[in-house]
Amino acid sequence: MLEASDVVKTYGAVKALQGASLSVRRGEVHALLGANGAGKSTLVKILTGAIRPDSGHIVVRGEPRTVHSPAEARRAGLVSVYQEPALIPDLDVISNLRMTQTPTDAFMHWVGELGMERLDPYEMVRDLPLAVLRIMDLARALAFEPDVVLLDEMTAALPADLAEHVLEVVGRQRETGRSVIFISHRLLEVKALCDRATVLRDGETVGVVEMGPTAEEEIVELMLGASTEDEIAVHERVVGTPAAGTARDEGTETAEEETARRPRLAMRDLASGTRLKDVTFELYPGEVLGLVALEGQGQDELFDILSGAAKPSGGSLQVEGQDVRFGHPADAIAAGLVYVPGDRAEALLMQRSVRENIALPTSAPVRRWGPIRMATEQSVVQRAIEKLQIDTRAQGEVRRLSGGNQQKVTIARWIAEGVETLLCFDPTRGIDIRTKRQIYHLLRELADGGAAVLLYTSELEEVQLACDRVVVIFNGSVVAQMDAAIADEPRLMRAAYGLDPIESDEAAPAPSLPGTGVAS
Amino acid sequence: MSTVTPTANGFGSSSIGASASRFARRNAWVLALWGLLGLLLVFTIVIKPGWGAPQLTILAIAALPYAFATAAQTMAVLVGGIDLSVAAMMTFTSVTAAVLMEGQSEEFGVVAVALILLMGLGLGAINGLSIVLTRVPDIVVTLAFFFIWEGAALMVLDSPGGSAAVWLRELIIGPVGGFVVPTEIGQWLPKALLLLVVALGAVWIPVKRSRVGLSIYAVGSDKLAAFRSGVPVNRTRIVAYALTGLFAAMGGLVLTMNTGIGTPIQGPYLLASVAAVVLGGVSLAGGKGGLVGPIVGVFILRLARQDLTLMSIDPNVAQVTEGLIMVGVVLIGALVAMRSRS
């Protein structure tokens with residue numbers, strides 16, 4: 001159906017792709033995998049016509065094709081769903097459809113199939129949440145009845161219920177002979193959904209894996225190339241082996257020791273508008289506390305309050321036993337609460353250097369607006385870069401770094417001068433497993449050094465990989481708190497949906513359940 | 001059973017009440033501007049009891065070039081750009097029209113008008129093409145053309161001169177009167193206003209209802225998303241700038257109609273057009289707003305200026321007051337929008 005062979009693309013001295021190839025059969029769900037920087041996004045851009053390859057052949061349905069724009073790719077039968085929705089924020093849904101000449105009935109059909117029957121076509125795109133936009137983007141792509149659909153991290157940023165619908169609908173595309181190219185960092189998903197997987201490393205296709213019982217190990221091996229035993233061991237945990245890792249055991253011990261101590265951060269009945277109702281939990285120094293919630297259960301509002309971007313409408317917040325009210329993020333930072341937002345673009349000065357980005361918090365307070373002590377700044381920045389192993393080849397402008405490295409910079413800026421309380425909102429979204437592992441490791445190190453870390457995650461397996469305890473929020477309230485050791489995915493999932501745990505004996509002291517909020 | 005469906009989805013998608021309330025919500029800013037214009041009219045009649053149809057006609061004629069300049073600017077701003085050469089294009093087309101019609105027959109006026117409109121499209125397209133090809137920011141390219149079109153105008157006519165067909169000049173003078181509508185209504189309807197509505201409507205309504213119009217909004221709103229949706233981004237930008245040129249040429253013709261000659265000196269239309277665009281609820285970031293708001297904005301600004309004169313306020317103070325009114329209105333609008341959102 002689609003054949004790409006020997007695709008080469010260089011940016012100056014950097015070889016983004018050197019002999020990448022991809023072959024997708026008719027009616028196949030084909031995974032395209034690789035660590036960040038392996039060349040996936042470059043290959044995607046070439047397939048969809050956003051950039052032109054230096055050399056190589058692309059054949060669609062037996063016809064050689066060179067596409068120069070997404071519009072041309074669409075005419076050639078290839079439609080993509082990008083990570084950022086390709087919908088116009090200032091037009092309503094129906095105008096978006098009209099602009100792209102999308103068959104409306106087919107669109108509404110797929111929107112329904114994907115579990116969103118209640119979509120109002122006159123709603124402004126700007127007013128819709130990200131998850132809805134991604135679903136709409138997928139529905140629009142399917143409405144074109146393309147030969148090949150390309151899905152880039154389709155399930156990232158989707159709550160579990162919608163992700164399920166998406167996987168089910170994508171799987172069904174086989175029946176109509178449609179091919180799907182599926183890009184994902186979630187290997188479990190890939191294994192469950194895809195028929196084959198093409199693995200890229202350093203701009204080259206290093207293998208094609210048929211899905212079978214050992215596929216995960218094969219894929220990880222291919223993605224990593226030559227790597228140490230230790231790394232492979234950790235990666236196996238990342239892909240979901242439920243065996244207990246050493247880091248977590250240590251973590252549980254520390255947590256027990258710390259419980260007696262004073263919490264770094266205590267929330268009492270924290271509320272904000274209608275989204276956040278009454279959130280009460282504590283964050284202790286020396287722990288990594290996981291936070292799990294489906295999309296839109298109040299976690300955004302909670303992080304806004306904790307980071308000083310919004311004021312709570314009720315309840316109280318204590319730092320080190322003192323009541324605080326933040327009027328500005330600077331207040332939160334002064335109180336030691338620093339925030340790594342989910343959207344990297346929110347935190348970084350994209351056109352400035354890595355160094356300036358990391359040093360910014362140091363020179364932000366007005367009293368430090370005088371001359372910068374270059375030597376000191378340099379050494380602080382250098383330490384942070386080394387600690388996080390940031391790839392500094394393109395450090396002149398942050399926007400030229402890969403997503404994983406950008407994420408490291410957002411964390412590095414806060415740890416450069418030491419951190420007391422780190423608030424992370426889905427810091428590993430859309431980045432490769434090697435960088436993810438480094439981030440887990442770093443969070444653990446920070447916690448061991450006495451910092452308190454709050455980690456919201458949309459990937460449930462991260463709880464057992466990185467956290468000591470976990471708090472689950474549903475419908476604006478805390479519905480469960482438990483040790484990470486017992487927080488396996490099914491249990492977290494039930495809690496996140498607001499369901500009672502099946503067996504509550506092991507669960508940590510259960511907070512009062514808001515028994516009514518379950519019927520949405 | 002989706003947990004993410006937005007709560008604002010409570011209303012049905014087709015009931016009349018819902019669509020009316022949606023219309024009010026989407027056009028709240030423009031409706032408020034109409035209200036403000038109404039208040040200003042009442043205020044004018046209060047401070048100057050004799051104010052009536054003749055004064056309205058004068059106001060309409062005075063506002064006409066500002067209105068076309070604003071319509072032109074709106075196109076550039078909607079597509080996410082800005083056009084600093086609007087007033088220069090008006091001057092260039094105005095003197096060209098005056099020179100073309102000098103010593104020619106009345107009938108030739110029709111040909112001249114057609115040529116000038118085509119010329120406007122061409123000038124605008126050159127602006128757009130230069131922006132797209134050079135990839136230099138809109139504001140820089142159009143600043144360059146501000147000087148180029150001004151210079152070209154001086155080359156066509158180095159001092160005020162030329163002439164205009166008589167029928168053309170009469171097109172904006174006086175009220176519609178007993179033509180088509182009863183005289184009682186007709187005297188309140190200046191010809192200039194009718195010309196404005198017809199000229200803008202004839203271009204903008206078909207454009208807005210086509211995919212080109214949607215594409216202009218799309219490119220102004222989010223270039224990358226538009227590109228990925230298959231919108232030809234560069235072509236759309238050129239079209240939008242060509243429309244800017246077209247409206248600027250209409251403005252140029254109006255200048256010639258108004259004075260009967262061509263004057264190679266730019267009027268104060270550039271900054272006034274940006275002011276009216278902002279007041280009219282068009283986002284300078286692009287993609288948001290329409291044409292009605294800015295045009296109502298023009299009349300608000302003109303009428304406010306006239307009222308300040310009627311109140312015999314020192315012109316310098318009036319200038320400051322005008323600026324304060326603009327900032328005040330936009331500020332209040334932003335505050336109301338923020339309040340209603342939370």
# chains A, B, ... in the order shown; residues from 1 in each chain; ligands from 1
$ select_by_dssp --residues "stretch 107-210 of chain A" --states "strand (DSSP E or B)" --output "ChimeraX atom specification"
/A:124,148-152,179-183,196-201,204-210
$ write_last_selection --atoms "C-alpha atoms" --output "JSON list (two decimals), in the first residue's frame"
[["chain", "number", "residue", "atom", "x", "y", "z"],
["A", 124, "MET", "CA", -15.95, 27.07, 18.79],
["A", 148, "VAL", "CA", -3.47, 5.13, 4.74],
["A", 149, "VAL", "CA", -4.03, 6.93, 8.05],
["A", 150, "LEU", "CA", -1.02, 8.14, 9.98],
["A", 151, "LEU", "CA", -1.57, 8.57, 13.71],
["A", 152, "ASP", "CA", 1.15, 10.40, 15.64],
["A", 179, "SER", "CA", -3.82, 0.77, 6.47],
["A", 180, "VAL", "CA", -2.78, 2.57, 9.62],
["A", 181, "ILE", "CA", 0.65, 3.87, 10.57],
["A", 182, "PHE", "CA", 0.63, 4.08, 14.34],
["A", 183, "ILE", "CA", 3.24, 6.03, 16.24],
["A", 196, "ARG", "CA", 4.01, -5.25, 12.64],
["A", 197, "ALA", "CA", 6.39, -2.55, 13.78],
["A", 198, "THR", "CA", 9.18, -0.71, 12.01],
["A", 199, "VAL", "CA", 11.90, 0.49, 14.35],
["A", 200, "LEU", "CA", 14.07, 3.52, 13.60],
["A", 201, "ARG", "CA", 17.34, 4.33, 15.29],
["A", 204, "GLU", "CA", 17.91, 4.38, 9.95],
["A", 205, "THR", "CA", 15.41, 1.56, 9.83],
["A", 206, "VAL", "CA", 16.97, -1.07, 12.04],
["A", 207, "GLY", "CA", 14.29, -3.71, 11.87],
["A", 208, "VAL", "CA", 10.72, -4.76, 11.29],
["A", 209, "VAL", "CA", 9.13, -6.79, 14.06],
["A", 210, "GLU", "CA", 6.14, -9.11, 13.70]]
$ select_by_dssp --residues "stretch 328-516 of chain A" --states "helix (DSSP H, G or I)" --output "VMD selection string"
chain A and resid 329 to 334 344 to 347 354 to 363 366 to 368 374 to 388 398 to 400 403 to 415 433 to 448 461 to 466 484 to 486 489 to 496
$ interface_residues --of "chain A" --to "chain B" --cutoff "7 Å" --atoms "only C-alpha atoms" --output "PDB file with N, CA and C atoms, in the first residue's frame"
ATOM      1  N   PRO A  70       0.340  18.759   2.862  1.00  0.00           N
ATOM      2  CA  PRO A  70      -0.661  17.840   3.406  1.00  0.00           C
ATOM      3  C   PRO A  70      -1.864  17.702   2.477  1.00  0.00           C
ATOM      4  N   ALA A  71      -2.198  18.784   1.765  1.00  0.00           N
ATOM      5  CA  ALA A  71      -3.348  18.704   0.858  1.00  0.00           C
ATOM      6  C   ALA A  71      -3.082  17.698  -0.250  1.00  0.00           C
ATOM      7  N   PRO A  85      -3.520  19.217  17.228  1.00  0.00           N
ATOM      8  CA  PRO A  85      -4.658  19.105  16.330  1.00  0.00           C
ATOM      9  C   PRO A  85      -4.596  20.129  15.201  1.00  0.00           C
ATOM     10  N   ALA A  86      -4.923  19.700  13.994  1.00  0.00           N
ATOM     11  CA  ALA A  86      -4.924  20.596  12.835  1.00  0.00           C
ATOM     12  C   ALA A  86      -6.312  21.196  12.672  1.00  0.00           C
ATOM     13  N   LEU A  87      -6.812  21.825  13.719  1.00  0.00           N
ATOM     14  CA  LEU A  87      -8.128  22.463  13.663  1.00  0.00           C
ATOM     15  C   LEU A  87      -7.940  23.938  13.950  1.00  0.00           C
ATOM     16  N   ILE A  88      -8.795  24.752  13.325  1.00  0.00           N
ATOM     17  CA  ILE A  88      -8.641  26.198  13.458  1.00  0.00           C
ATOM     18  C   ILE A  88      -9.368  26.677  14.708  1.00  0.00           C
ATOM     19  N   PRO A  89      -8.641  27.210  15.690  1.00  0.00           N
ATOM     20  CA  PRO A  89      -9.274  27.569  16.961  1.00  0.00           C
ATOM     21  C   PRO A  89     -10.370  28.625  16.836  1.00  0.00           C
ATOM     22  N   ASP A  90     -10.266  29.544  15.868  1.00  0.00           N
ATOM     23  CA  ASP A  90     -11.231  30.637  15.786  1.00  0.00           C
ATOM     24  C   ASP A  90     -12.428  30.336  14.893  1.00  0.00           C
ATOM     25  N   MET A  99     -14.305  24.023   5.580  1.00  0.00           N
ATOM     26  CA  MET A  99     -13.057  24.506   5.011  1.00  0.00           C
ATOM     27  C   MET A  99     -12.253  23.369   4.381  1.00  0.00           C
ATOM     28  N   THR A 100     -12.268  22.212   5.029  1.00  0.00           N
ATOM     29  CA  THR A 100     -11.482  21.097   4.513  1.00  0.00           C
ATOM     30  C   THR A 100     -12.321  20.189   3.630  1.00  0.00           C
ATOM     31  N   GLY A 115     -16.940   7.633  20.578  1.00  0.00           N
ATOM     32  CA  GLY A 115     -17.439   7.822  21.931  1.00  0.00           C
ATOM     33  C   GLY A 115     -17.772   9.251  22.298  1.00  0.00           C
ATOM     34  N   MET A 116     -18.068  10.103  21.289  1.00  0.00           N
ATOM     35  CA  MET A 116     -18.407  11.476  21.635  1.00  0.00           C
ATOM     36  C   MET A 116     -19.663  11.928  20.903  1.00  0.00           C
ATOM     37  N   ASP A 120     -21.232  19.180  19.818  1.00  0.00           N
ATOM     38  CA  ASP A 120     -22.062  20.216  19.187  1.00  0.00           C
ATOM     39  C   ASP A 120     -21.266  20.853  18.050  1.00  0.00           C
ATOM     40  N   LEU A 128     -13.007  23.953  23.105  1.00  0.00           N
ATOM     41  CA  LEU A 128     -13.067  22.516  23.340  1.00  0.00           C
ATOM     42  C   LEU A 128     -11.749  22.024  23.950  1.00  0.00           C
ATOM     43  N   GLU A 295      -8.874  12.743  32.281  1.00  0.00           N
ATOM     44  CA  GLU A 295      -8.848  14.122  31.770  1.00  0.00           C
ATOM     45  C   GLU A 295      -9.933  14.967  32.424  1.00  0.00           C
ATOM     46  N   GLY A 296      -9.550  16.181  32.854  1.00  0.00           N
ATOM     47  CA  GLY A 296     -10.546  17.152  33.310  1.00  0.00           C
ATOM     48  C   GLY A 296     -11.214  16.833  34.633  1.00  0.00           C
ATOM     49  N   SER A 520     -21.545   9.994  35.974  1.00  0.00           N
ATOM     50  CA  SER A 520     -21.461  10.944  34.852  1.00  0.00           C
ATOM     51  C   SER A 520     -21.668  10.234  33.554  1.00  0.00           C
TER      52      SER A 520
END
$ residues_around --residues "B:Ala318" --least-positions-apart "5" --cutoff "10 Å" --atoms "only C-alpha atoms" --output "list of chain:residue names"
B:Ala304, B:Arg305, B:Gln306, B:Asp307, B:Leu308, B:Thr309, B:Met311, B:Ser312, B:Ile313, B:Gly323, B:Leu324
$ residues_around --residues "A:Leu142" --least-positions-apart "2" --cutoff "12 Å" --atoms "only C-alpha atoms" --output "JSON, numbers by chain"
{"A": [74, 77, 78, 79, 80, 81, 102, 103, 104, 105, 106, 107, 108, 109, 110, 111, 113, 114, 135, 136, 137, 138, 139, 140, 144, 145, 146, 147, 148, 149, 150, 151, 166, 169, 170, 172, 173, 176, 178, 179, 180]}
$ write_last_selection --atoms "C-alpha atoms" --output "PDB file, in the first residue's frame"
ATOM      1  CA  ARG A  74      -4.575  13.741   1.148  1.00  0.00           C
ATOM      2  CA  GLY A  77      -4.777   8.826  -0.117  1.00  0.00           C
ATOM      3  CA  LEU A  78      -2.628   9.546   2.933  1.00  0.00           C
ATOM      4  CA  VAL A  79      -4.137  11.496   5.827  1.00  0.00           C
ATOM      5  CA  SER A  80      -2.360  12.287   9.074  1.00  0.00           C
ATOM      6  CA  VAL A  81      -3.426  13.083  12.575  1.00  0.00           C
ATOM      7  CA  THR A 102     -15.003  17.020   5.002  1.00  0.00           C
ATOM      8  CA  PRO A 103     -18.123  14.896   4.479  1.00  0.00           C
ATOM      9  CA  THR A 104     -20.123  15.916   7.567  1.00  0.00           C
ATOM     10  CA  ASP A 105     -22.161  12.737   7.909  1.00  0.00           C
ATOM     11  CA  ALA A 106     -19.095  10.545   7.834  1.00  0.00           C
ATOM     12  CA  PHE A 107     -17.430  12.850  10.350  1.00  0.00           C
ATOM     13  CA  MET A 108     -20.348  12.684  12.769  1.00  0.00           C
ATOM     14  CA  HIS A 109     -20.472   8.919  12.310  1.00  0.00           C
ATOM     15  CA  TRP A 110     -16.854   8.526  13.357  1.00  0.00           C
ATOM     16  CA  VAL A 111     -17.170  11.021  16.190  1.00  0.00           C
ATOM     17  CA  GLU A 113     -17.982   5.657  17.033  1.00  0.00           C
ATOM     18  CA  LEU A 114     -15.155   7.256  18.967  1.00  0.00           C
ATOM     19  CA  ILE A 135     -10.861  12.821  18.569  1.00  0.00           C
ATOM     20  CA  MET A 136     -12.286  15.286  16.033  1.00  0.00           C
ATOM     21  CA  ASP A 137      -9.046  15.277  14.114  1.00  0.00           C
ATOM     22  CA  LEU A 138      -9.138  11.493  13.918  1.00  0.00           C
ATOM     23  CA  ALA A 139     -12.805  11.469  12.920  1.00  0.00           C
ATOM     24  CA  ARG A 140     -12.068  13.979  10.175  1.00  0.00           C
ATOM     25  CA  PHE A 144     -11.892  11.259   4.058  1.00  0.00           C
ATOM     26  CA  GLU A 145     -11.776   7.463   3.618  1.00  0.00           C
ATOM     27  CA  PRO A 146      -8.047   7.468   3.017  1.00  0.00           C
ATOM     28  CA  ASP A 147      -5.996   4.447   2.016  1.00  0.00           C
ATOM     29  CA  VAL A 148      -3.468   5.131   4.737  1.00  0.00           C
ATOM     30  CA  VAL A 149      -4.033   6.932   8.048  1.00  0.00           C
ATOM     31  CA  LEU A 150      -1.024   8.135   9.979  1.00  0.00           C
ATOM     32  CA  LEU A 151      -1.568   8.566  13.708  1.00  0.00           C
ATOM     33  CA  VAL A 166      -9.676   5.037  19.635  1.00  0.00           C
ATOM     34  CA  VAL A 169     -11.849   1.977  16.065  1.00  0.00           C
ATOM     35  CA  VAL A 170      -8.299   1.957  14.709  1.00  0.00           C
ATOM     36  CA  ARG A 172     -11.390  -2.093  13.017  1.00  0.00           C
ATOM     37  CA  GLN A 173      -9.924  -0.161  10.081  1.00  0.00           C
ATOM     38  CA  THR A 176     -12.149  -2.113   5.249  1.00  0.00           C
ATOM     39  CA  ARG A 178      -7.401   0.606   5.235  1.00  0.00           C
ATOM     40  CA  SER A 179      -3.820   0.769   6.468  1.00  0.00           C
ATOM     41  CA  VAL A 180      -2.784   2.571   9.619  1.00  0.00           C
TER      42      VAL A 180
END
$ residues_around --residues "A:Ala495" --least-positions-apart "4" --cutoff "9 Å" --atoms "only C-alpha atoms" --output "JSON, numbers by chain"
{"A": [292, 293, 472, 473, 474, 479, 480, 490, 491, 499, 500, 501]}
$ write_last_selection --atoms "C-alpha atoms" --output "mmCIF file, in the first residue's frame"
data_model
loop_
_atom_site.group_PDB
_atom_site.id
_atom_site.type_symbol
_atom_site.label_atom_id
_atom_site.label_comp_id
_atom_site.auth_asym_id
_atom_site.auth_seq_id
_atom_site.Cartn_x
_atom_site.Cartn_y
_atom_site.Cartn_z
ATOM 1 C CA VAL A 292 -3.684 10.079 38.806
ATOM 2 C CA ALA A 293 -6.888 11.361 37.227
ATOM 3 C CA VAL A 472 -6.296 9.502 42.757
ATOM 4 C CA ILE A 473 -8.608 12.390 41.937
ATOM 5 C CA PHE A 474 -12.030 11.950 40.444
ATOM 6 C CA VAL A 479 -11.062 9.257 45.911
ATOM 7 C CA ALA A 480 -8.094 7.084 46.834
ATOM 8 C CA PRO A 490 -6.390 -2.158 37.126
ATOM 9 C CA ARG A 491 -6.651 -0.795 40.651
ATOM 10 C CA LEU A 499 -15.360 3.063 41.372
ATOM 11 C CA ASP A 500 -14.933 1.404 44.766
ATOM 12 C CA PRO A 501 -11.812 -0.685 45.050
#
$ residues_around --residues "B:Leu243" --least-positions-apart "2" --cutoff "8 Å" --atoms "only C-alpha atoms" --output "ChimeraX atom specification"
/B:72,75,121,124,239-241,245-247
$ decode --residues "stretch 476-504 of chain A" --atoms "N, CA and C atoms" --output "mmCIF file, in the first residue's frame"
data_model
loop_
_atom_site.group_PDB
_atom_site.id
_atom_site.type_symbol
_atom_site.label_atom_id
_atom_site.label_comp_id
_atom_site.auth_asym_id
_atom_site.auth_seq_id
_atom_site.Cartn_x
_atom_site.Cartn_y
_atom_site.Cartn_z
ATOM 1 N N GLY A 476 -13.024 16.140 40.922
ATOM 2 C CA GLY A 476 -12.652 17.236 41.806
ATOM 3 C C GLY A 476 -12.394 16.860 43.250
ATOM 4 N N SER A 477 -12.392 15.554 43.560
ATOM 5 C CA SER A 477 -12.136 15.141 44.930
ATOM 6 C C SER A 477 -11.137 13.994 44.939
ATOM 7 N N VAL A 478 -10.456 13.858 46.068
ATOM 8 C CA VAL A 478 -9.549 12.725 46.215
ATOM 9 C C VAL A 478 -10.392 11.490 46.510
ATOM 10 N N VAL A 479 -10.258 10.458 45.684
ATOM 11 C CA VAL A 479 -11.062 9.257 45.911
ATOM 12 C C VAL A 479 -10.228 8.094 46.426
ATOM 13 N N ALA A 480 -8.916 8.183 46.320
ATOM 14 C CA ALA A 480 -8.094 7.084 46.834
ATOM 15 C C ALA A 480 -6.680 7.564 47.075
ATOM 16 N N GLN A 481 -6.059 6.988 48.096
ATOM 17 C CA GLN A 481 -4.622 7.175 48.303
ATOM 18 C C GLN A 481 -4.075 5.795 48.587
ATOM 19 N N MET A 482 -2.970 5.444 47.968
ATOM 20 C CA MET A 482 -2.405 4.125 48.253
ATOM 21 C C MET A 482 -0.912 4.117 48.028
ATOM 22 N N ASP A 483 -0.271 3.077 48.563
ATOM 23 C CA ASP A 483 1.153 2.894 48.293
ATOM 24 C C ASP A 483 1.332 2.478 46.850
ATOM 25 N N ALA A 484 2.413 2.955 46.259
ATOM 26 C CA ALA A 484 2.658 2.603 44.866
ATOM 27 C C ALA A 484 2.769 1.091 44.702
ATOM 28 N N ALA A 485 3.257 0.402 45.752
ATOM 29 C CA ALA A 485 3.475 -1.040 45.651
ATOM 30 C C ALA A 485 2.202 -1.781 45.260
ATOM 31 N N ILE A 486 1.060 -1.293 45.705
ATOM 32 C CA ILE A 486 -0.171 -2.014 45.379
ATOM 33 C C ILE A 486 -0.952 -1.316 44.265
ATOM 34 N N ALA A 487 -0.387 -0.209 43.755
ATOM 35 C CA ALA A 487 -1.141 0.568 42.768
ATOM 36 C C ALA A 487 -0.891 0.044 41.362
ATOM 37 N N ASP A 488 -1.408 -1.127 41.077
ATOM 38 C CA ASP A 488 -1.251 -1.632 39.716
ATOM 39 C C ASP A 488 -2.309 -0.979 38.827
ATOM 40 N N GLU A 489 -2.162 -1.196 37.542
ATOM 41 C CA GLU A 489 -3.005 -0.450 36.613
ATOM 42 C C GLU A 489 -4.505 -0.696 36.803
ATOM 43 N N PRO A 490 -4.939 -1.963 36.958
ATOM 44 C CA PRO A 490 -6.390 -2.158 37.126
ATOM 45 C C PRO A 490 -6.941 -1.403 38.330
ATOM 46 N N ARG A 491 -6.184 -1.443 39.438
ATOM 47 C CA ARG A 491 -6.651 -0.795 40.651
ATOM 48 C C ARG A 491 -6.744 0.731 40.453
ATOM 49 N N LEU A 492 -5.704 1.296 39.831
ATOM 50 C CA LEU A 492 -5.702 2.744 39.588
ATOM 51 C C LEU A 492 -6.848 3.126 38.664
ATOM 52 N N MET A 493 -7.055 2.270 37.670
ATOM 53 C CA MET A 493 -8.086 2.551 36.690
ATOM 54 C C MET A 493 -9.448 2.611 37.357
ATOM 55 N N ARG A 494 -9.732 1.613 38.195
ATOM 56 C CA ARG A 494 -11.019 1.606 38.909
ATOM 57 C C ARG A 494 -11.172 2.870 39.743
ATOM 58 N N ALA A 495 -10.102 3.228 40.448
ATOM 59 C CA ALA A 495 -10.167 4.409 41.315
ATOM 60 C C ALA A 495 -10.373 5.667 40.475
ATOM 61 N N ALA A 496 -9.661 5.746 39.352
ATOM 62 C CA ALA A 496 -9.729 6.945 38.526
ATOM 63 C C ALA A 496 -11.124 7.131 37.927
ATOM 64 N N TYR A 497 -11.843 6.011 37.766
ATOM 65 C CA TYR A 497 -13.205 6.102 37.261
ATOM 66 C C TYR A 497 -14.204 6.328 38.394
ATOM 67 N N GLY A 498 -13.673 6.467 39.620
ATOM 68 C CA GLY A 498 -14.547 6.733 40.754
ATOM 69 C C GLY A 498 -15.252 5.497 41.261
ATOM 70 N N LEU A 499 -14.736 4.292 40.913
ATOM 71 C CA LEU A 499 -15.360 3.063 41.372
ATOM 72 C C LEU A 499 -14.728 2.642 42.693
ATOM 73 N N ASP A 500 -15.499 1.908 43.511
ATOM 74 C CA ASP A 500 -14.933 1.404 44.766
ATOM 75 C C ASP A 500 -13.859 0.387 44.459
ATOM 76 N N PRO A 501 -12.808 0.371 45.252
ATOM 77 C CA PRO A 501 -11.812 -0.685 45.050
ATOM 78 C C PRO A 501 -12.445 -2.039 45.349
ATOM 79 N N ILE A 502 -11.998 -3.082 44.636
ATOM 80 C CA ILE A 502 -12.574 -4.411 44.835
ATOM 81 C C ILE A 502 -12.252 -4.902 46.249
ATOM 82 N N GLU A 503 -10.942 -4.830 46.579
ATOM 83 C CA GLU A 503 -10.579 -5.210 47.944
ATOM 84 C C GLU A 503 -9.907 -3.999 48.568
ATOM 85 N N SER A 504 -10.415 -3.563 49.691
ATOM 86 C CA SER A 504 -9.916 -2.325 50.250
ATOM 87 C C SER A 504 -8.962 -2.573 51.409
#
